[in-house]
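Taking it in order: structure first as structure tokens, then the write-up.
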Amino acid sequence: MARHLPLFDRRSLLFLLGLLLSAGFFATTLFGYFVSKHAIRDTLIGQDLPLTASNIYSEIQKDLVRPVLVSSTMANDTFVRDWVLQGEHDVAAMARYLGEVRKRYGAFSSFFVSDRTSTYYTGEGVLKKVSPDEPRDTWYYRVRQMQADYEINVDPDLANKDALTIFINYRVFDFGGNYIGTTGIGLTVDAVRRLLSEYQERFQRTIYFVDERGRIVVFGTRLNRDPELRKVEGVGNLVDRILAERHGTYQFVAGGDNHILHVNYLPELKWYLFVEQNEDVALAGIRRTLYVNLAISLAVTLVVMLLTHLVLSRYQRRMEEMAATDKLTGLLNRQASAIVVDKVMAEYRREPRPVSVLLADVDHFKEINDRYGHLAGDAALRGVAETLHNGLRGSDIAVRWGGEEFLLVLRGCDLSEAEWIAEKLRAAVEQAPLGERALRTTISIGVAEYDGSEAPDQWFNRADAALYRAKHAGRNRVVADPPAAPAAG
Ligand SMILES: Nc1nc2c(ncn2[C@@H]2O[C@H](COP(=O)(O)OP(=O)(O)OP(=O)(O)O)[C@@H](O)[C@H]2O)c(=O)[nH]1
């Protein structure tokens, strides 16, 4: 059990290390991700989307300034006023004038509606008569009543196949200040559409205009959705709220992604400018960084764990070796031998093959110490250990059992084989010059074969008893237990 404890400790240490490292990496990586995510979202809501919206707004306003000026010039043109006051006779002259204005300023259409005759003139001549009963003409009667000099109105253009057109409707007065009609130009929304496409491409955002009824009226190049905004997933539920609030930042989920929406109302056009950003697309960059960081963290954690495992294993092996080895002789020490003996016992229980022990003790060793000193005694002990070790097979086990005592476990040896080996070892020690001084000594050996049932201590005690008998019989000899039966006769 004691041997398994360090292994268990190593596992828990590795587990703890892995846990700490991965928790640390994970926490810092996720923390960084969420901080960046919040920063990106805050920038989107607080800066990016409003900035895009206000850029588009000011571009559109800029685009509308010139047409308003042109319409104002038309309203104040003496030709227009004189022409009306002179009775609107030369229709061709008015058509020429309107055609000229349209061409010169690149407008989509140009018009004059006379209040006296209710006639709608364009560059082509008379288009029609306006009437208060015609729903398409309500704009005219609204302008007729309004206080301001002009309005910007978005309507289908009757003169141009109902193409959606931005009209500047400018009121015209005679020289006495009496209202005599409305003039102005119409602009195609193509320019606005181009502007939206350009912004859409540049910022990877969805940008479109919505009218006061909640219908998408103008959009950039890629808008694949129902013009009836209330029917669109996510944003559809917000339409009424947005139309009422006119301005704000909203969030909704569509296609599983979170979207941030910024809305501005453009009173000149009576349109709502919608600037939408798919937050998940905006976060794709930092999400990729998150995955890379997590992968790196995992790799670093695994490498650190692997290195720690290798270092600890080596260290533990060395510690175990050191703890198990006798420093003087390099043989197993007595404490460590317990494990080896347990193993031999387990092997025997699995497969009962003969196994024997030799207990060898150096004869009169005290005299060597006394005569030559302890260092020479140590060298002699090393020499004996080496001689014993060299005389054994790889499967045998040599233990330094006590001061000058050695226990040798011989696997696969019955008593007589063990006795034979013991005799061989005894003879080898007797003949070996030991240490630098080439000292000579002898050993006595007690031999015992395992009887298959006794405890190891009992087994070793029998070897010890045999050793005792060997000493008493004069030393430098081998005695087996049980003692050989006396010869008959
Ligand atoms: N130099 C040295 N001496 C040791 C070591 N370990 C034990 N000894 C000595 O070995 C001697 C053993 O003496 P004893 O037990 O009386 O036995 P012995 O002198 O060998 O006599 P017998 O065993 O009866 O033949 C003691 O004097 C111990 O001090 C060691 O590591 N180095």
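Order determines the names: the first chain of the structure tokens is A, the second B, and so forth; residues in each chain are numbered 1 upward, and ligands are numbered 1 upward as they are shown.
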- Contact residues around region 168-174 of chain A with only C-alpha atoms at 8 Å, ignoring same-chain residues under 5 positions, as a PyMOL selection string: chain A and resi 67-68+71-72+75-76+81+85+143-144+149-153+179-186
Counting only C-alpha atoms and all ligand atoms, which protein, DNA or RNA residues come within 10 Å of ligand 1, given as a short mmCIF file (atom, residue, chain, number, x, y, z; two decimals) with N, CA and C atoms, in the first residue's frame?
data_model
loop_
_atom_site.label_atom_id
_atom_site.label_comp_id
_atom_site.auth_asym_id
_atom_site.auth_seq_id
_atom_site.Cartn_x
_atom_site.Cartn_y
_atom_site.Cartn_z
N ASP A 326 20.64 -0.50 -0.79
CA ASP A 326 21.61 -0.34 0.32
C ASP A 326 22.81 0.43 -0.23
N LYS A 327 23.15 1.52 0.47
CA LYS A 327 24.18 2.42 -0.07
C LYS A 327 25.52 1.75 -0.19
N LEU A 328 25.88 0.94 0.80
CA LEU A 328 27.24 0.38 0.80
C LEU A 328 27.43 -0.66 -0.30
N THR A 329 26.49 -1.59 -0.42
CA THR A 329 26.70 -2.72 -1.33
C THR A 329 25.96 -2.59 -2.66
N ALA A 360 23.27 -15.76 4.39
CA ALA A 360 24.73 -15.87 4.44
C ALA A 360 25.27 -14.84 5.43
N ASP A 361 26.23 -15.24 6.25
CA ASP A 361 26.80 -14.32 7.25
C ASP A 361 28.33 -14.43 7.18
N VAL A 362 28.97 -13.24 7.17
CA VAL A 362 30.45 -13.24 7.08
C VAL A 362 31.03 -13.75 8.40
N ASP A 363 31.98 -14.63 8.29
CA ASP A 363 32.56 -15.22 9.51
C ASP A 363 33.58 -14.27 10.13
N HIS A 364 33.49 -14.17 11.42
CA HIS A 364 34.44 -13.35 12.21
C HIS A 364 34.66 -11.98 11.57
N PHE A 365 33.64 -11.38 11.17
CA PHE A 365 33.78 -10.09 10.49
C PHE A 365 34.31 -9.02 11.45
N LYS A 366 33.91 -9.17 12.69
CA LYS A 366 34.34 -8.19 13.71
C LYS A 366 35.86 -8.07 13.71
N GLU A 367 36.51 -9.19 13.50
CA GLU A 367 37.98 -9.19 13.51
C GLU A 367 38.55 -8.34 12.37
N ILE A 368 37.88 -8.41 11.20
CA ILE A 368 38.37 -7.60 10.06
C ILE A 368 38.27 -6.12 10.43
N ASN A 369 37.11 -5.76 10.99
CA ASN A 369 36.93 -4.37 11.41
C ASN A 369 37.99 -3.98 12.42
N ASP A 370 38.17 -4.87 13.41
CA ASP A 370 39.10 -4.55 14.50
C ASP A 370 40.52 -4.43 14.00
N TYR A 372 41.67 -4.17 10.63
CA TYR A 372 42.00 -3.30 9.47
C TYR A 372 41.22 -1.98 9.46
N GLY A 373 40.33 -1.87 10.42
CA GLY A 373 39.53 -0.63 10.46
C GLY A 373 38.20 -0.78 9.70
N HIS A 374 37.28 0.16 9.98
CA HIS A 374 35.92 0.08 9.42
C HIS A 374 35.88 0.24 7.90
N LEU A 375 36.80 1.11 7.39
CA LEU A 375 36.77 1.34 5.94
C LEU A 375 37.13 0.07 5.19
N ALA A 376 38.14 -0.62 5.71
CA ALA A 376 38.54 -1.90 5.08
C ALA A 376 37.40 -2.90 5.24
N GLY A 377 36.71 -2.84 6.42
CA GLY A 377 35.56 -3.73 6.66
C GLY A 377 34.47 -3.46 5.62
N ASP A 378 34.23 -2.17 5.37
CA ASP A 378 33.21 -1.81 4.37
C ASP A 378 33.59 -2.37 3.00
N ALA A 379 34.87 -2.18 2.65
CA ALA A 379 35.32 -2.66 1.34
C ALA A 379 35.15 -4.17 1.25
N ALA A 380 35.43 -4.86 2.36
CA ALA A 380 35.28 -6.32 2.36
C ALA A 380 33.81 -6.70 2.16
N LEU A 381 32.94 -5.94 2.84
CA LEU A 381 31.50 -6.24 2.69
C LEU A 381 31.06 -6.03 1.24
N ARG A 382 31.56 -4.93 0.62
CA ARG A 382 31.23 -4.68 -0.79
C ARG A 382 31.71 -5.84 -1.65
N ARG A 400 20.73 -7.07 1.31
CA ARG A 400 21.59 -6.95 2.49
C ARG A 400 20.67 -6.98 3.70
N GLY A 402 21.34 -7.61 7.06
CA GLY A 402 21.78 -6.95 8.31
C GLY A 402 23.19 -6.47 8.08
N GLY A 403 23.98 -6.22 9.16
CA GLY A 403 25.33 -5.68 9.03
C GLY A 403 26.18 -6.48 8.05
N GLU A 404 26.48 -7.78 8.41
CA GLU A 404 27.32 -8.60 7.52
C GLU A 404 26.53 -9.84 7.11
N GLU A 405 25.24 -9.65 6.99
CA GLU A 405 24.34 -10.77 6.71
C GLU A 405 23.60 -10.51 5.38
N THR A 441 38.14 -13.72 3.43
CA THR A 441 37.20 -14.07 4.50
C THR A 441 36.35 -15.23 4.02
N THR A 442 35.51 -15.71 4.91
CA THR A 442 34.61 -16.82 4.52
C THR A 442 33.20 -16.47 4.96
N ILE A 443 32.25 -17.22 4.44
CA ILE A 443 30.86 -17.03 4.88
C ILE A 443 30.26 -18.37 5.28
N SER A 444 29.29 -18.27 6.20
CA SER A 444 28.49 -19.45 6.55
C SER A 444 27.11 -19.22 5.97
N LEU A 467 21.68 -21.39 9.58
CA LEU A 467 22.91 -20.57 9.61
C LEU A 467 23.60 -20.71 10.98
N TYR A 468 22.76 -20.67 12.00
CA TYR A 468 23.26 -20.79 13.37
C TYR A 468 24.03 -22.11 13.53
N ALA A 470 25.38 -23.76 11.13
CA ALA A 470 26.61 -23.70 10.32
C ALA A 470 27.72 -23.01 11.11
N LYS A 471 27.34 -21.93 11.81
CA LYS A 471 28.33 -21.21 12.63
C LYS A 471 28.88 -22.14 13.72
N HIS A 472 27.96 -22.81 14.36
CA HIS A 472 28.38 -23.69 15.47
C HIS A 472 29.18 -24.88 15.01
N GLY A 474 31.43 -24.77 12.98
CA GLY A 474 32.81 -24.38 12.64
C GLY A 474 32.91 -23.31 11.57
N ARG A 475 31.82 -22.80 11.07
CA ARG A 475 31.79 -21.70 10.07
C ARG A 475 32.30 -22.17 8.70
N ASN A 476 32.26 -21.25 7.73
CA ASN A 476 32.68 -21.52 6.34
C ASN A 476 32.04 -22.80 5.82
#
Which residues of region 415-437 of chain A come within 9 Å of region 383-399 of chain A, and for each one, what is the closest pair of atoms and their distance in Å to one decimal, counting only C-alpha atoms, sorted by chain and residue number, as CSV?
residue,atom,partner,partner_atom,distance
A:Ile421,CA,A:Gly391,CA,8.2
A:Lys424,CA,A:Gly391,CA,7.8
A:Leu425,CA,A:Leu388,CA,6.1
A:Arg426,CA,A:Leu388,CA,8.5
A:Ala428,CA,A:Thr387,CA,6.8
A:Val429,CA,A:Thr387,CA,6.2
A:Ala432,CA,A:Thr387,CA,7.5
A:Pro433,CA,A:Gly383,CA,8.0
A:Leu434,CA,A:Gly383,CA,5.0
A:Gly435,CA,A:Gly383,CA,6.1
May I have the selected residues written with C-alpha atoms, as a PDB file, in the first residue's frame?
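Result went into out.pdb, see below:
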ATOM      1  CA  ILE A 421      24.387 -22.904  -5.278  1.00  0.00           C
ATOM      2  CA  LYS A 424      29.290 -22.535  -4.969  1.00  0.00           C
ATOM      3  CA  LEU A 425      28.884 -19.079  -3.416  1.00  0.00           C
ATOM      4  CA  ARG A 426      30.656 -20.062  -0.247  1.00  0.00           C
ATOM      5  CA  ALA A 428      33.632 -18.150  -4.431  1.00  0.00           C
ATOM      6  CA  VAL A 429      33.781 -15.883  -1.353  1.00  0.00           C
ATOM      7  CA  ALA A 432      37.906 -13.912  -3.617  1.00  0.00           C
ATOM      8  CA  PRO A 433      40.476 -11.280  -2.649  1.00  0.00           C
ATOM      9  CA  LEU A 434      38.331  -8.510  -1.124  1.00  0.00           C
ATOM     10  CA  GLY A 435      38.921  -4.753  -1.433  1.00  0.00           C
TER      11      GLY A 435
END
- Message: If we count only C-alpha atoms and set the cut-off at 8 Å, which residues sit around region 308-311 of chain A, ignoring sequence neighbours fewer than 4 positions away in its own chain? Please answer as a list of chain:residue names.
- Response: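 Near region 308-311 of chain A, the qualifying residues are A:Arg10, A:Leu14, A:Val304, A:Tyr315.
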Would you mind exporting C-alpha atoms of the selected residues as a tab-separated table (two decimals), in the first residue's frame?
chain	number	residue	atom	x	y	z
A	10	ARG	CA	1.28	12.18	-8.44
A	14	LEU	CA	-1.25	16.29	-12.11
A	304	VAL	CA	2.94	21.31	-18.89
A	315	TYR	CA	12.15	11.76	-9.78
- Message: List the spatial neighbours of Phe203 (chain A) as a PyMOL selection string - criterion: any atom at most 12 Å away, only C-alpha atoms, same-chain residues fewer than 3 positions off excluded.
- Response: chain A and resi 44+48-49+51-53+196-200+206-207+275-278+281-282
Those residues you just picked out, can you put them in a file as an mmCIF file, in the first residue's frame with C-alpha atoms?
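Written output follows (selection.cif):
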data_model
loop_
_atom_site.group_PDB
_atom_site.id
_atom_site.type_symbol
_atom_site.label_atom_id
_atom_site.label_comp_id
_atom_site.auth_asym_id
_atom_site.auth_seq_id
_atom_site.Cartn_x
_atom_site.Cartn_y
_atom_site.Cartn_z
ATOM 1 C CA LEU A 44 -21.679 49.357 -32.194
ATOM 2 C CA ASP A 48 -20.701 52.789 -35.171
ATOM 3 C CA LEU A 49 -24.378 52.453 -36.005
ATOM 4 C CA LEU A 51 -22.357 57.318 -37.012
ATOM 5 C CA THR A 52 -23.315 55.352 -40.126
ATOM 6 C CA ALA A 53 -26.886 56.590 -39.782
ATOM 7 C CA LEU A 196 -27.215 52.763 -49.191
ATOM 8 C CA SER A 197 -25.409 50.075 -51.222
ATOM 9 C CA GLU A 198 -22.138 51.874 -50.814
ATOM 10 C CA TYR A 199 -22.540 52.107 -47.037
ATOM 11 C CA GLN A 200 -23.778 48.560 -46.873
ATOM 12 C CA THR A 206 -27.991 46.108 -43.665
ATOM 13 C CA ILE A 207 -29.349 49.569 -44.424
ATOM 14 C CA VAL A 275 -29.114 50.507 -39.886
ATOM 15 C CA GLU A 276 -28.795 46.884 -38.827
ATOM 16 C CA GLN A 277 -25.749 44.919 -37.757
ATOM 17 C CA ASN A 278 -25.602 41.172 -37.209
ATOM 18 C CA VAL A 281 -20.914 38.536 -37.734
ATOM 19 C CA ALA A 282 -19.288 41.513 -35.981
#
- Closest of A:Asn55, A:Ser131, A:Asn461, A:Asn224 to Pro482 (chain A) - atom-to-atom distances counting only C-alpha atoms: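 Of all the options, A:Asn461 lies closest to Pro482 (chain A).
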- Message: Counting only C-alpha atoms, which residue out of A:Asp240, A:Glu268, A:Glu100, A:Glu347 sits closest to Glu124 (chain A)?
- Response: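 Among the listed residues, the smallest separation from Glu124 (chain A) belongs to A:Glu100.
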- Query: So how many Å separate CA of Val303 (chain A) and CA of Leu30 (chain A), to one decimal?
  - Reply: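 Distance between the two atoms: 21.0 Å.
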